[in-house]
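Since the structure comes first, as structure tokens, the remarks are kept for the end.
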Amino acid sequence: MRRRRMVAVAAAVVAVGACSPPVTVPAGPDAADPVCGEVLQALPGVLAGGEERSIGSQSIAGWGEPAITLRCGVEVPGPSTERCITVESGETSVDWLALEADDAMVPDHARRENGSWTFITYGRVPAVEVVVPTERGGDQPTAVLVDLASAVERTTAERACVGADDL
């Protein structure tokens, strides 16, 4: 009896997840990098209260509706004057560029009517992009980055944020 209940619950979860269309954002140019596979395997199943959704591209993840998206293998940003933030989670530390809505580096899929926050890892190869829709980010869109830090840390850190005090 217990086994039938577990199968019924699993079928119900699959049926609910199947109702949402797949997350469709374009894969990054380096999506085939094997490290992206490691990042994807380490991602949480729930992020900011949203369940993981099915995807339609390589090295992509999405959670909830509207979807918070993660793309691994995007173009690695060079030195930048964009705001760079360091997100720490336990012993994990990841630097991110926090892009403004009108920034040329913001991808088309992040240019939403209601707005969004776009973050791209800084100094990491392969680079990872996270887009948090305004209605999902609340007052703390960077909280999502804390929850993703242990997965994103699997990428190789080659540079770090540098502030004016570090020069």
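Convention: chains lettered A, B, ... in structure tokens order; per-chain residue numbering from 1; ligands numbered from 1 as shown.
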What's the 10 Å shell around Val94 (chain A), counting only C-alpha atoms, without same-chain residues fewer than 3 positions away, as a PDB file with all heavy atoms, in the first residue's frame?
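That gives us around_7.pdb:
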ATOM      1  N   ILE A  85      29.605  42.483  -7.168  1.00  0.00           N
ATOM      2  CA  ILE A  85      29.271  42.127  -5.792  1.00  0.00           C
ATOM      3  C   ILE A  85      29.843  40.744  -5.486  1.00  0.00           C
ATOM      4  O   ILE A  85      29.939  39.889  -6.365  1.00  0.00           O
ATOM      5  CB  ILE A  85      27.749  42.139  -5.538  1.00  0.00           C
ATOM      6  CG1 ILE A  85      27.026  41.168  -6.482  1.00  0.00           C
ATOM      7  CG2 ILE A  85      27.186  43.546  -5.683  1.00  0.00           C
ATOM      8  CD1 ILE A  85      25.536  41.025  -6.207  1.00  0.00           C
ATOM      9  N   THR A  86      30.249  40.556  -4.252  1.00  0.00           N
ATOM     10  CA  THR A  86      30.731  39.263  -3.799  1.00  0.00           C
ATOM     11  C   THR A  86      29.648  38.650  -2.935  1.00  0.00           C
ATOM     12  O   THR A  86      29.192  39.270  -1.971  1.00  0.00           O
ATOM     13  CB  THR A  86      32.038  39.410  -3.004  1.00  0.00           C
ATOM     14  OG1 THR A  86      33.015  40.006  -3.856  1.00  0.00           O
ATOM     15  CG2 THR A  86      32.541  38.067  -2.505  1.00  0.00           C
ATOM     16  N   VAL A  87      29.221  37.443  -3.302  1.00  0.00           N
ATOM     17  CA  VAL A  87      28.173  36.747  -2.566  1.00  0.00           C
ATOM     18  C   VAL A  87      28.833  35.576  -1.841  1.00  0.00           C
ATOM     19  O   VAL A  87      29.494  34.750  -2.469  1.00  0.00           O
ATOM     20  CB  VAL A  87      27.058  36.248  -3.511  1.00  0.00           C
ATOM     21  CG1 VAL A  87      26.048  35.407  -2.770  1.00  0.00           C
ATOM     22  CG2 VAL A  87      26.390  37.439  -4.186  1.00  0.00           C
ATOM     23  N   GLU A  88      28.650  35.548  -0.535  1.00  0.00           N
ATOM     24  CA  GLU A  88      29.239  34.490   0.270  1.00  0.00           C
ATOM     25  C   GLU A  88      28.152  33.609   0.860  1.00  0.00           C
ATOM     26  O   GLU A  88      27.107  34.098   1.283  1.00  0.00           O
ATOM     27  CB  GLU A  88      30.099  35.090   1.371  1.00  0.00           C
ATOM     28  CG  GLU A  88      31.279  35.865   0.806  1.00  0.00           C
ATOM     29  CD  GLU A  88      32.135  36.518   1.868  1.00  0.00           C
ATOM     30  OE1 GLU A  88      31.738  36.518   3.050  1.00  0.00           O
ATOM     31  OE2 GLU A  88      33.203  37.029   1.500  1.00  0.00           O
ATOM     32  N   SER A  89      28.428  32.313   0.875  1.00  0.00           N
ATOM     33  CA  SER A  89      27.529  31.327   1.464  1.00  0.00           C
ATOM     34  C   SER A  89      28.408  30.287   2.138  1.00  0.00           C
ATOM     35  O   SER A  89      29.021  29.462   1.455  1.00  0.00           O
ATOM     36  CB  SER A  89      26.648  30.686   0.386  1.00  0.00           C
ATOM     37  OG  SER A  89      25.834  29.685   0.957  1.00  0.00           O
ATOM     38  N   THR A 121      28.426  35.907 -13.528  1.00  0.00           N
ATOM     39  CA  THR A 121      29.616  35.694 -12.722  1.00  0.00           C
ATOM     40  C   THR A 121      30.768  36.499 -13.295  1.00  0.00           C
ATOM     41  O   THR A 121      30.903  36.656 -14.502  1.00  0.00           O
ATOM     42  CB  THR A 121      30.013  34.207 -12.654  1.00  0.00           C
ATOM     43  OG1 THR A 121      30.122  33.679 -13.976  1.00  0.00           O
ATOM     44  CG2 THR A 121      29.023  33.394 -11.840  1.00  0.00           C
ATOM     45  N   TYR A 122      31.596  37.020 -12.392  1.00  0.00           N
ATOM     46  CA  TYR A 122      32.765  37.762 -12.813  1.00  0.00           C
ATOM     47  C   TYR A 122      34.001  36.951 -12.449  1.00  0.00           C
ATOM     48  O   TYR A 122      34.140  36.472 -11.323  1.00  0.00           O
ATOM     49  CB  TYR A 122      32.842  39.139 -12.148  1.00  0.00           C
ATOM     50  CG  TYR A 122      34.077  39.875 -12.582  1.00  0.00           C
ATOM     51  CD1 TYR A 122      34.145  40.417 -13.853  1.00  0.00           C
ATOM     52  CD2 TYR A 122      35.188  39.944 -11.764  1.00  0.00           C
ATOM     53  CE1 TYR A 122      35.297  41.042 -14.292  1.00  0.00           C
ATOM     54  CE2 TYR A 122      36.344  40.577 -12.196  1.00  0.00           C
ATOM     55  CZ  TYR A 122      36.385  41.124 -13.468  1.00  0.00           C
ATOM     56  OH  TYR A 122      37.530  41.731 -13.912  1.00  0.00           O
ATOM     57  N   GLY A 123      34.891  36.784 -13.439  1.00  0.00           N
ATOM     58  CA  GLY A 123      36.159  36.116 -13.205  1.00  0.00           C
ATOM     59  C   GLY A 123      36.064  34.602 -13.141  1.00  0.00           C
ATOM     60  O   GLY A 123      37.005  33.951 -12.705  1.00  0.00           O
ATOM     61  N   ARG A 124      34.946  34.027 -13.580  1.00  0.00           N
ATOM     62  CA  ARG A 124      34.762  32.570 -13.545  1.00  0.00           C
ATOM     63  C   ARG A 124      34.589  32.015 -14.949  1.00  0.00           C
ATOM     64  O   ARG A 124      33.960  32.634 -15.792  1.00  0.00           O
ATOM     65  CB  ARG A 124      33.558  32.199 -12.691  1.00  0.00           C
ATOM     66  CG  ARG A 124      33.851  32.449 -11.227  1.00  0.00           C
ATOM     67  CD  ARG A 124      32.841  31.800 -10.324  1.00  0.00           C
ATOM     68  NE  ARG A 124      33.284  31.876  -8.951  1.00  0.00           N
ATOM     69  CZ  ARG A 124      33.928  30.906  -8.308  1.00  0.00           C
ATOM     70  NH1 ARG A 124      34.158  29.771  -8.908  1.00  0.00           N
ATOM     71  NH2 ARG A 124      34.307  31.065  -7.059  1.00  0.00           N
ATOM     72  N   LEU A 145      21.276  34.275  -5.396  1.00  0.00           N
ATOM     73  CA  LEU A 145      22.685  34.002  -5.660  1.00  0.00           C
ATOM     74  C   LEU A 145      23.330  33.239  -4.509  1.00  0.00           C
ATOM     75  O   LEU A 145      24.202  32.391  -4.731  1.00  0.00           O
ATOM     76  CB  LEU A 145      23.432  35.307  -5.926  1.00  0.00           C
ATOM     77  CG  LEU A 145      22.899  36.170  -7.071  1.00  0.00           C
ATOM     78  CD1 LEU A 145      23.721  37.442  -7.208  1.00  0.00           C
ATOM     79  CD2 LEU A 145      22.843  35.392  -8.375  1.00  0.00           C
ATOM     80  N   VAL A 146      22.905  33.518  -3.295  1.00  0.00           N
ATOM     81  CA  VAL A 146      23.407  32.786  -2.123  1.00  0.00           C
ATOM     82  C   VAL A 146      23.046  31.312  -2.260  1.00  0.00           C
ATOM     83  O   VAL A 146      23.872  30.428  -2.037  1.00  0.00           O
ATOM     84  CB  VAL A 146      22.846  33.380  -0.812  1.00  0.00           C
ATOM     85  CG1 VAL A 146      23.206  32.515   0.388  1.00  0.00           C
ATOM     86  CG2 VAL A 146      23.338  34.807  -0.615  1.00  0.00           C
ATOM     87  N   LEU A 148      22.540  29.653  -4.920  1.00  0.00           N
ATOM     88  CA  LEU A 148      23.197  29.047  -6.082  1.00  0.00           C
ATOM     89  C   LEU A 148      24.720  28.952  -5.930  1.00  0.00           C
ATOM     90  O   LEU A 148      25.387  28.305  -6.741  1.00  0.00           O
ATOM     91  CB  LEU A 148      22.869  29.847  -7.344  1.00  0.00           C
ATOM     92  CG  LEU A 148      21.401  29.884  -7.756  1.00  0.00           C
ATOM     93  CD1 LEU A 148      21.204  30.862  -8.916  1.00  0.00           C
ATOM     94  CD2 LEU A 148      20.922  28.489  -8.128  1.00  0.00           C
ATOM     95  N   ALA A 149      25.263  29.581  -4.899  1.00  0.00           N
ATOM     96  CA  ALA A 149      26.717  29.719  -4.757  1.00  0.00           C
ATOM     97  C   ALA A 149      27.465  28.384  -4.775  1.00  0.00           C
ATOM     98  O   ALA A 149      28.485  28.249  -5.454  1.00  0.00           O
ATOM     99  CB  ALA A 149      27.054  30.498  -3.486  1.00  0.00           C
ATOM    100  N   SER A 150      26.983  27.386  -4.044  1.00  0.00           N
ATOM    101  CA  SER A 150      27.742  26.130  -3.975  1.00  0.00           C
ATOM    102  C   SER A 150      27.780  25.425  -5.329  1.00  0.00           C
ATOM    103  O   SER A 150      28.754  24.735  -5.646  1.00  0.00           O
ATOM    104  CB  SER A 150      27.190  25.211  -2.887  1.00  0.00           C
ATOM    105  OG  SER A 150      25.869  24.819  -3.195  1.00  0.00           O
ATOM    106  N   VAL A 152      27.566  27.099  -8.375  1.00  0.00           N
ATOM    107  CA  VAL A 152      28.347  27.957  -9.277  1.00  0.00           C
ATOM    108  C   VAL A 152      29.837  27.914  -8.939  1.00  0.00           C
ATOM    109  O   VAL A 152      30.686  28.080  -9.816  1.00  0.00           O
ATOM    110  CB  VAL A 152      27.797  29.405  -9.234  1.00  0.00           C
ATOM    111  CG1 VAL A 152      28.689  30.361 -10.009  1.00  0.00           C
ATOM    112  CG2 VAL A 152      26.376  29.430  -9.787  1.00  0.00           C
ATOM    113  N   GLU A 153      30.158  27.605  -7.704  1.00  0.00           N
ATOM    114  CA  GLU A 153      31.559  27.546  -7.295  1.00  0.00           C
ATOM    115  C   GLU A 153      32.334  26.446  -8.033  1.00  0.00           C
ATOM    116  O   GLU A 153      33.557  26.445  -8.063  1.00  0.00           O
ATOM    117  CB  GLU A 153      31.667  27.323  -5.786  1.00  0.00           C
ATOM    118  CG  GLU A 153      33.085  27.405  -5.287  1.00  0.00           C
ATOM    119  CD  GLU A 153      33.219  27.141  -3.818  1.00  0.00           C
ATOM    120  OE1 GLU A 153      32.574  26.212  -3.315  1.00  0.00           O
ATOM    121  OE2 GLU A 153      33.977  27.888  -3.180  1.00  0.00           O
ATOM    122  N   THR A 155      32.682  26.278 -11.103  1.00  0.00           N
ATOM    123  CA  THR A 155      33.402  26.933 -12.191  1.00  0.00           C
ATOM    124  C   THR A 155      34.754  27.407 -11.647  1.00  0.00           C
ATOM    125  O   THR A 155      34.941  27.545 -10.444  1.00  0.00           O
ATOM    126  CB  THR A 155      32.597  28.117 -12.756  1.00  0.00           C
ATOM    127  OG1 THR A 155      32.366  29.070 -11.715  1.00  0.00           O
ATOM    128  CG2 THR A 155      31.262  27.656 -13.336  1.00  0.00           C
ATOM    129  N   ALA A 157      37.562  30.005 -10.749  1.00  0.00           N
ATOM    130  CA  ALA A 157      37.759  31.435 -10.483  1.00  0.00           C
ATOM    131  C   ALA A 157      39.136  31.841 -11.002  1.00  0.00           C
ATOM    132  O   ALA A 157      40.156  31.293 -10.586  1.00  0.00           O
ATOM    133  CB  ALA A 157      37.640  31.722  -8.995  1.00  0.00           C
ATOM    134  N   ALA A 160      38.879  38.263  -9.557  1.00  0.00           N
ATOM    135  CA  ALA A 160      37.938  38.629  -8.494  1.00  0.00           C
ATOM    136  C   ALA A 160      37.576  40.097  -8.645  1.00  0.00           C
ATOM    137  O   ALA A 160      38.283  40.870  -9.304  1.00  0.00           O
ATOM    138  CB  ALA A 160      38.564  38.380  -7.123  1.00  0.00           C
ATOM    139  N   CYS A 161      36.461  40.474  -8.018  1.00  0.00           N
ATOM    140  CA  CYS A 161      36.063  41.884  -8.005  1.00  0.00           C
ATOM    141  C   CYS A 161      37.168  42.712  -7.375  1.00  0.00           C
ATOM    142  O   CYS A 161      37.803  42.284  -6.412  1.00  0.00           O
ATOM    143  CB  CYS A 161      34.789  42.070  -7.162  1.00  0.00           C
ATOM    144  SG  CYS A 161      33.287  41.379  -7.864  1.00  0.00           S
TER     145      CYS A 161
END
Mind checking which residues fall within 12 Å of Asp147 (chain A), counting only C-alpha atoms, ignoring those fewer than 4 positions away in the same chain, and posting them as a ChimeraX atom specification?
/A:42-49,87-90,92-94,130,141-143,151-153
Residues from last step as file, C-alpha atoms, as a PDB file, in the first residue's frame:
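Below you can see out06.pdb, which holds the result:
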ATOM      1  CA  ALA A  42      24.543  20.644  -8.070  1.00  0.00           C
ATOM      2  CA  LEU A  43      21.616  23.084  -8.424  1.00  0.00           C
ATOM      3  CA  PRO A  44      18.780  23.085  -5.888  1.00  0.00           C
ATOM      4  CA  GLY A  45      15.397  21.586  -6.827  1.00  0.00           C
ATOM      5  CA  VAL A  46      13.588  24.577  -5.300  1.00  0.00           C
ATOM      6  CA  LEU A  47      14.744  28.193  -5.590  1.00  0.00           C
ATOM      7  CA  ALA A  48      12.988  31.238  -4.101  1.00  0.00           C
ATOM      8  CA  GLY A  49       9.930  29.065  -3.473  1.00  0.00           C
ATOM      9  CA  VAL A  87      28.173  36.747  -2.566  1.00  0.00           C
ATOM     10  CA  GLU A  88      29.239  34.490   0.270  1.00  0.00           C
ATOM     11  CA  SER A  89      27.529  31.327   1.464  1.00  0.00           C
ATOM     12  CA  GLY A  90      29.433  29.484   4.166  1.00  0.00           C
ATOM     13  CA  THR A  92      31.798  29.663  -0.754  1.00  0.00           C
ATOM     14  CA  SER A  93      32.436  33.043  -2.387  1.00  0.00           C
ATOM     15  CA  VAL A  94      31.310  34.013  -5.898  1.00  0.00           C
ATOM     16  CA  VAL A 130      21.124  34.364 -13.566  1.00  0.00           C
ATOM     17  CA  PRO A 141      17.142  39.370  -5.478  1.00  0.00           C
ATOM     18  CA  THR A 142      20.701  38.516  -4.429  1.00  0.00           C
ATOM     19  CA  ALA A 143      19.315  35.903  -1.989  1.00  0.00           C
ATOM     20  CA  ALA A 151      26.763  24.984  -7.483  1.00  0.00           C
ATOM     21  CA  VAL A 152      28.347  27.957  -9.277  1.00  0.00           C
ATOM     22  CA  GLU A 153      31.559  27.546  -7.295  1.00  0.00           C
TER      23      GLU A 153
END
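Remark: for Gly62 (chain A), the closest of the candidate residues A:Val162, A:Ala32, A:Ala101, A:Val132 is A:Val132 (distances computed over only C-alpha atoms).
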Mind pulling up the distance from CA of Asp95 (chain A) to CA of Trp117 (chain A)?
15.4 Å
So which bits of chain A end up alpha helix (DSSP H) when you DSSP the backbone, as an MDAnalysis selection string?
chainID A and resid 2:18 34:41 134:137 143:152
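Nearest to Gly50 (chain A) of all the residues A:Asp33, A:Val25, A:Ala104, A:Thr69 is A:Thr69, based on only C-alpha atoms.
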